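Each remark here refers to the structure printed beneath this line.
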Amino acid sequence: MSRFPYLGNMTKSFDFCIPTKTITVPDTPDWLHEIKYDGYRLRLERDGDRVRLITKGGYNWTSRYPWIVETALKNRVKRFVIDGEAVVLGVDGVADFNALHSRRHDDEVQLYAFDILALDGDDLRSLPLSMRKTNLARLLARRPDGIFVAPFEQGEIGPDLFRAACQMGLEGLVSKRCDRRYQAGQSKHWVKVKNRYHPAMSRVMSHSGDPWRVKHLPQSAN
C-alpha cells in the first residue's frame, strides 16, 4: 500500500471503476453481489478538515449534500476516499431518484458506500475487494447515518438475489469479483444487471433507444 502526501494532488488518479453492463448474474463463489441503488455516483474525499464530493463527470457537489459532509467530518479518521452512490431513501428504504433529482431533499441525501480507495494515508486500491470491504466496514462502524455501508452477499446466491431485487421494485444488482483490485475505467470484474421494469431503465432507453433485456426476470414478470 503506497502512501500519498496530500489528497488534493491525487484526485485525478482516483478515477471511478465502471461496471460492465450484462444480462447474466454471476453464480460462482468468487463474486459478491450488491443491490444497485438509484442515485448519483460520487467519490467522497476527506483530507483533514476538507471534504469533497466529486461526480463521475468531475463536478464538485460538496455544497449539495451537507449530511454526507457532516458525517464524514465526524469520523475520527481524518483521511479517506470512499466510492459510493448519493441517494434519498423513502420510508420503505428504497432509493427515490425523483426526490434526489428534484433538489428539494438535498439535506436528506446520504451516501451508499460500497468501496474504499484510501484510508489514513494509505492507497488501498491494490488490495482485493474483500479486504477493502473490511476496511470500509471498520471506518463506518459507528456512523450509520449520513453514510451507510452497502450490504452484500457472496457466491451462488446472485441470480436469486437479483430476482428478489426485481420483485421488490429495485433497480438491479452489481456483482464484483471479491479477489480483484480496484480498477479505474471500465472493468469486466464489476458487472451490472438491471431490472428492465424499473424506472431507471425507462430513463436509459429514452436517451439511447437501447432495447435492453434482462435474462433473470422475476417470476411474476415472465
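Chain labels run A, B, ... following the order of the C-alpha cells; each chain numbers its residues from 1, and ligands are numbered from 1 in the order shown.
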Could you list, with a cut-off of 12 Å and counting only C-alpha atoms, the residues of range 69-109 of chain A near range 149-165 of chain A, each shown with its nearest atom pair and the distance in Å rounded to one decimal, rows sorted by chain and ascending number, as a Markdown table?
| residue | atom | partner | partner_atom | distance |
| --- | --- | --- | --- | --- |
| A:Ile82 | CA | A:Val149 | CA | 10.4 |
| A:Asp83 | CA | A:Val149 | CA | 10.6 |
| A:Gly84 | CA | A:Ala150 | CA | 8.6 |
| A:Glu85 | CA | A:Ala150 | CA | 9.7 |
| A:Ala86 | CA | A:Ala150 | CA | 12.0 |
| A:Val87 | CA | A:Ala150 | CA | 12.0 |
| A:Val94 | CA | A:Ala165 | CA | 10.7 |
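Considering only C-alpha atoms, the residue among A:Gly169, A:Pro66, A:Gly39, A:Pro26 positioned nearest to Ser102 in chain A is A:Gly39.
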Next on the checklist: According to DSSP computed on the backbone, where in range 39-147 of chain A is there alpha helix (DSSP H)? Give the residues as number ranges by chain.
Outcome noted: A: 66-74, 97-102, 129-139
Expected file: the selected residues, N, CA and C atoms, as a PDB file, in the first residue's frame:
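Output contents, as saved in result31.pdb:
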ATOM      1  N   PRO A  66     -25.111  18.346   2.505  1.00  0.00           N
ATOM      2  CA  PRO A  66     -24.478  18.660   3.792  1.00  0.00           C
ATOM      3  C   PRO A  66     -24.432  17.485   4.768  1.00  0.00           C
ATOM      4  N   TRP A  67     -25.430  16.585   4.710  1.00  0.00           N
ATOM      5  CA  TRP A  67     -25.444  15.467   5.663  1.00  0.00           C
ATOM      6  C   TRP A  67     -24.240  14.552   5.446  1.00  0.00           C
ATOM      7  N   ILE A  68     -23.925  14.280   4.184  1.00  0.00           N
ATOM      8  CA  ILE A  68     -22.762  13.438   3.883  1.00  0.00           C
ATOM      9  C   ILE A  68     -21.485  14.102   4.384  1.00  0.00           C
ATOM     10  N   VAL A  69     -21.357  15.394   4.123  1.00  0.00           N
ATOM     11  CA  VAL A  69     -20.150  16.126   4.542  1.00  0.00           C
ATOM     12  C   VAL A  69     -20.020  16.133   6.060  1.00  0.00           C
ATOM     13  N   GLU A  70     -21.104  16.428   6.763  1.00  0.00           N
ATOM     14  CA  GLU A  70     -21.068  16.469   8.225  1.00  0.00           C
ATOM     15  C   GLU A  70     -20.688  15.118   8.815  1.00  0.00           C
ATOM     16  N   THR A  71     -21.244  14.054   8.233  1.00  0.00           N
ATOM     17  CA  THR A  71     -20.932  12.714   8.725  1.00  0.00           C
ATOM     18  C   THR A  71     -19.466  12.373   8.499  1.00  0.00           C
ATOM     19  N   ALA A  72     -18.952  12.731   7.344  1.00  0.00           N
ATOM     20  CA  ALA A  72     -17.540  12.469   7.048  1.00  0.00           C
ATOM     21  C   ALA A  72     -16.628  13.187   8.030  1.00  0.00           C
ATOM     22  N   LEU A  73     -16.974  14.412   8.376  1.00  0.00           N
ATOM     23  CA  LEU A  73     -16.140  15.200   9.287  1.00  0.00           C
ATOM     24  C   LEU A  73     -16.216  14.707  10.727  1.00  0.00           C
ATOM     25  N   LYS A  74     -17.278  14.004  11.073  1.00  0.00           N
ATOM     26  CA  LYS A  74     -17.411  13.468  12.433  1.00  0.00           C
ATOM     27  C   LYS A  74     -16.573  12.217  12.651  1.00  0.00           C
ATOM     28  N   PHE A  97     -35.250   8.205  -6.758  1.00  0.00           N
ATOM     29  CA  PHE A  97     -34.479   9.051  -7.668  1.00  0.00           C
ATOM     30  C   PHE A  97     -35.183  10.370  -7.957  1.00  0.00           C
ATOM     31  N   ASN A  98     -36.490  10.349  -8.056  1.00  0.00           N
ATOM     32  CA  ASN A  98     -37.220  11.590  -8.337  1.00  0.00           C
ATOM     33  C   ASN A  98     -37.002  12.608  -7.228  1.00  0.00           C
ATOM     34  N   ALA A  99     -37.017  12.146  -5.980  1.00  0.00           N
ATOM     35  CA  ALA A  99     -36.763  13.051  -4.851  1.00  0.00           C
ATOM     36  C   ALA A  99     -35.340  13.593  -4.908  1.00  0.00           C
ATOM     37  N   LEU A 100     -34.395  12.735  -5.269  1.00  0.00           N
ATOM     38  CA  LEU A 100     -32.999  13.167  -5.383  1.00  0.00           C
ATOM     39  C   LEU A 100     -32.834  14.181  -6.497  1.00  0.00           C
ATOM     40  N   HIS A 101     -33.401  13.880  -7.652  1.00  0.00           N
ATOM     41  CA  HIS A 101     -33.240  14.736  -8.825  1.00  0.00           C
ATOM     42  C   HIS A 101     -33.928  16.091  -8.662  1.00  0.00           C
ATOM     43  N   SER A 102     -34.971  16.134  -7.858  1.00  0.00           N
ATOM     44  CA  SER A 102     -35.730  17.373  -7.686  1.00  0.00           C
ATOM     45  C   SER A 102     -34.943  18.468  -6.981  1.00  0.00           C
ATOM     46  N   LEU A 129     -10.923  -6.770  -3.254  1.00  0.00           N
ATOM     47  CA  LEU A 129     -12.167  -6.146  -2.805  1.00  0.00           C
ATOM     48  C   LEU A 129     -12.574  -6.618  -1.415  1.00  0.00           C
ATOM     49  N   SER A 130     -12.391  -7.893  -1.115  1.00  0.00           N
ATOM     50  CA  SER A 130     -12.791  -8.416   0.188  1.00  0.00           C
ATOM     51  C   SER A 130     -12.088  -7.679   1.327  1.00  0.00           C
ATOM     52  N   MET A 131     -10.828  -7.331   1.150  1.00  0.00           N
ATOM     53  CA  MET A 131     -10.085  -6.592   2.176  1.00  0.00           C
ATOM     54  C   MET A 131     -10.513  -5.133   2.218  1.00  0.00           C
ATOM     55  N   ARG A 132     -10.806  -4.569   1.059  1.00  0.00           N
ATOM     56  CA  ARG A 132     -11.287  -3.185   1.046  1.00  0.00           C
ATOM     57  C   ARG A 132     -12.638  -3.092   1.753  1.00  0.00           C
ATOM     58  N   LYS A 133     -13.494  -4.087   1.556  1.00  0.00           N
ATOM     59  CA  LYS A 133     -14.791  -4.108   2.230  1.00  0.00           C
ATOM     60  C   LYS A 133     -14.608  -4.139   3.757  1.00  0.00           C
ATOM     61  N   THR A 134     -13.646  -4.907   4.222  1.00  0.00           N
ATOM     62  CA  THR A 134     -13.377  -4.978   5.661  1.00  0.00           C
ATOM     63  C   THR A 134     -12.940  -3.625   6.194  1.00  0.00           C
ATOM     64  N   ASN A 135     -12.061  -2.949   5.475  1.00  0.00           N
ATOM     65  CA  ASN A 135     -11.602  -1.619   5.884  1.00  0.00           C
ATOM     66  C   ASN A 135     -12.741  -0.604   5.882  1.00  0.00           C
ATOM     67  N   LEU A 136     -13.613  -0.691   4.878  1.00  0.00           N
ATOM     68  CA  LEU A 136     -14.747   0.231   4.801  1.00  0.00           C
ATOM     69  C   LEU A 136     -15.687   0.024   5.985  1.00  0.00           C
ATOM     70  N   ALA A 137     -15.976  -1.227   6.307  1.00  0.00           N
ATOM     71  CA  ALA A 137     -16.871  -1.521   7.426  1.00  0.00           C
ATOM     72  C   ALA A 137     -16.299  -0.994   8.741  1.00  0.00           C
ATOM     73  N   ARG A 138     -15.005  -1.134   8.951  1.00  0.00           N
ATOM     74  CA  ARG A 138     -14.372  -0.640  10.177  1.00  0.00           C
ATOM     75  C   ARG A 138     -14.434   0.879  10.242  1.00  0.00           C
ATOM     76  N   LEU A 139     -14.195   1.543   9.113  1.00  0.00           N
ATOM     77  CA  LEU A 139     -14.217   3.004   9.089  1.00  0.00           C
ATOM     78  C   LEU A 139     -15.591   3.549   9.462  1.00  0.00           C
TER      79      LEU A 139
END
Next on the checklist: Give me, as a PyMOL selection string, all polymer residues having an atom no more than 7 Å from Asp15 in chain A, counting only C-alpha atoms and skipping those fewer than 2 positions away in the same chain.
Outcome noted: chain A and resi 12-13+17+184-185
Checklist outcome for this item: Of A:Lys36, A:Pro29, A:Phe16, A:Gly146, the one sitting nearest Val191 in chain A when using only C-alpha atoms is A:Lys36
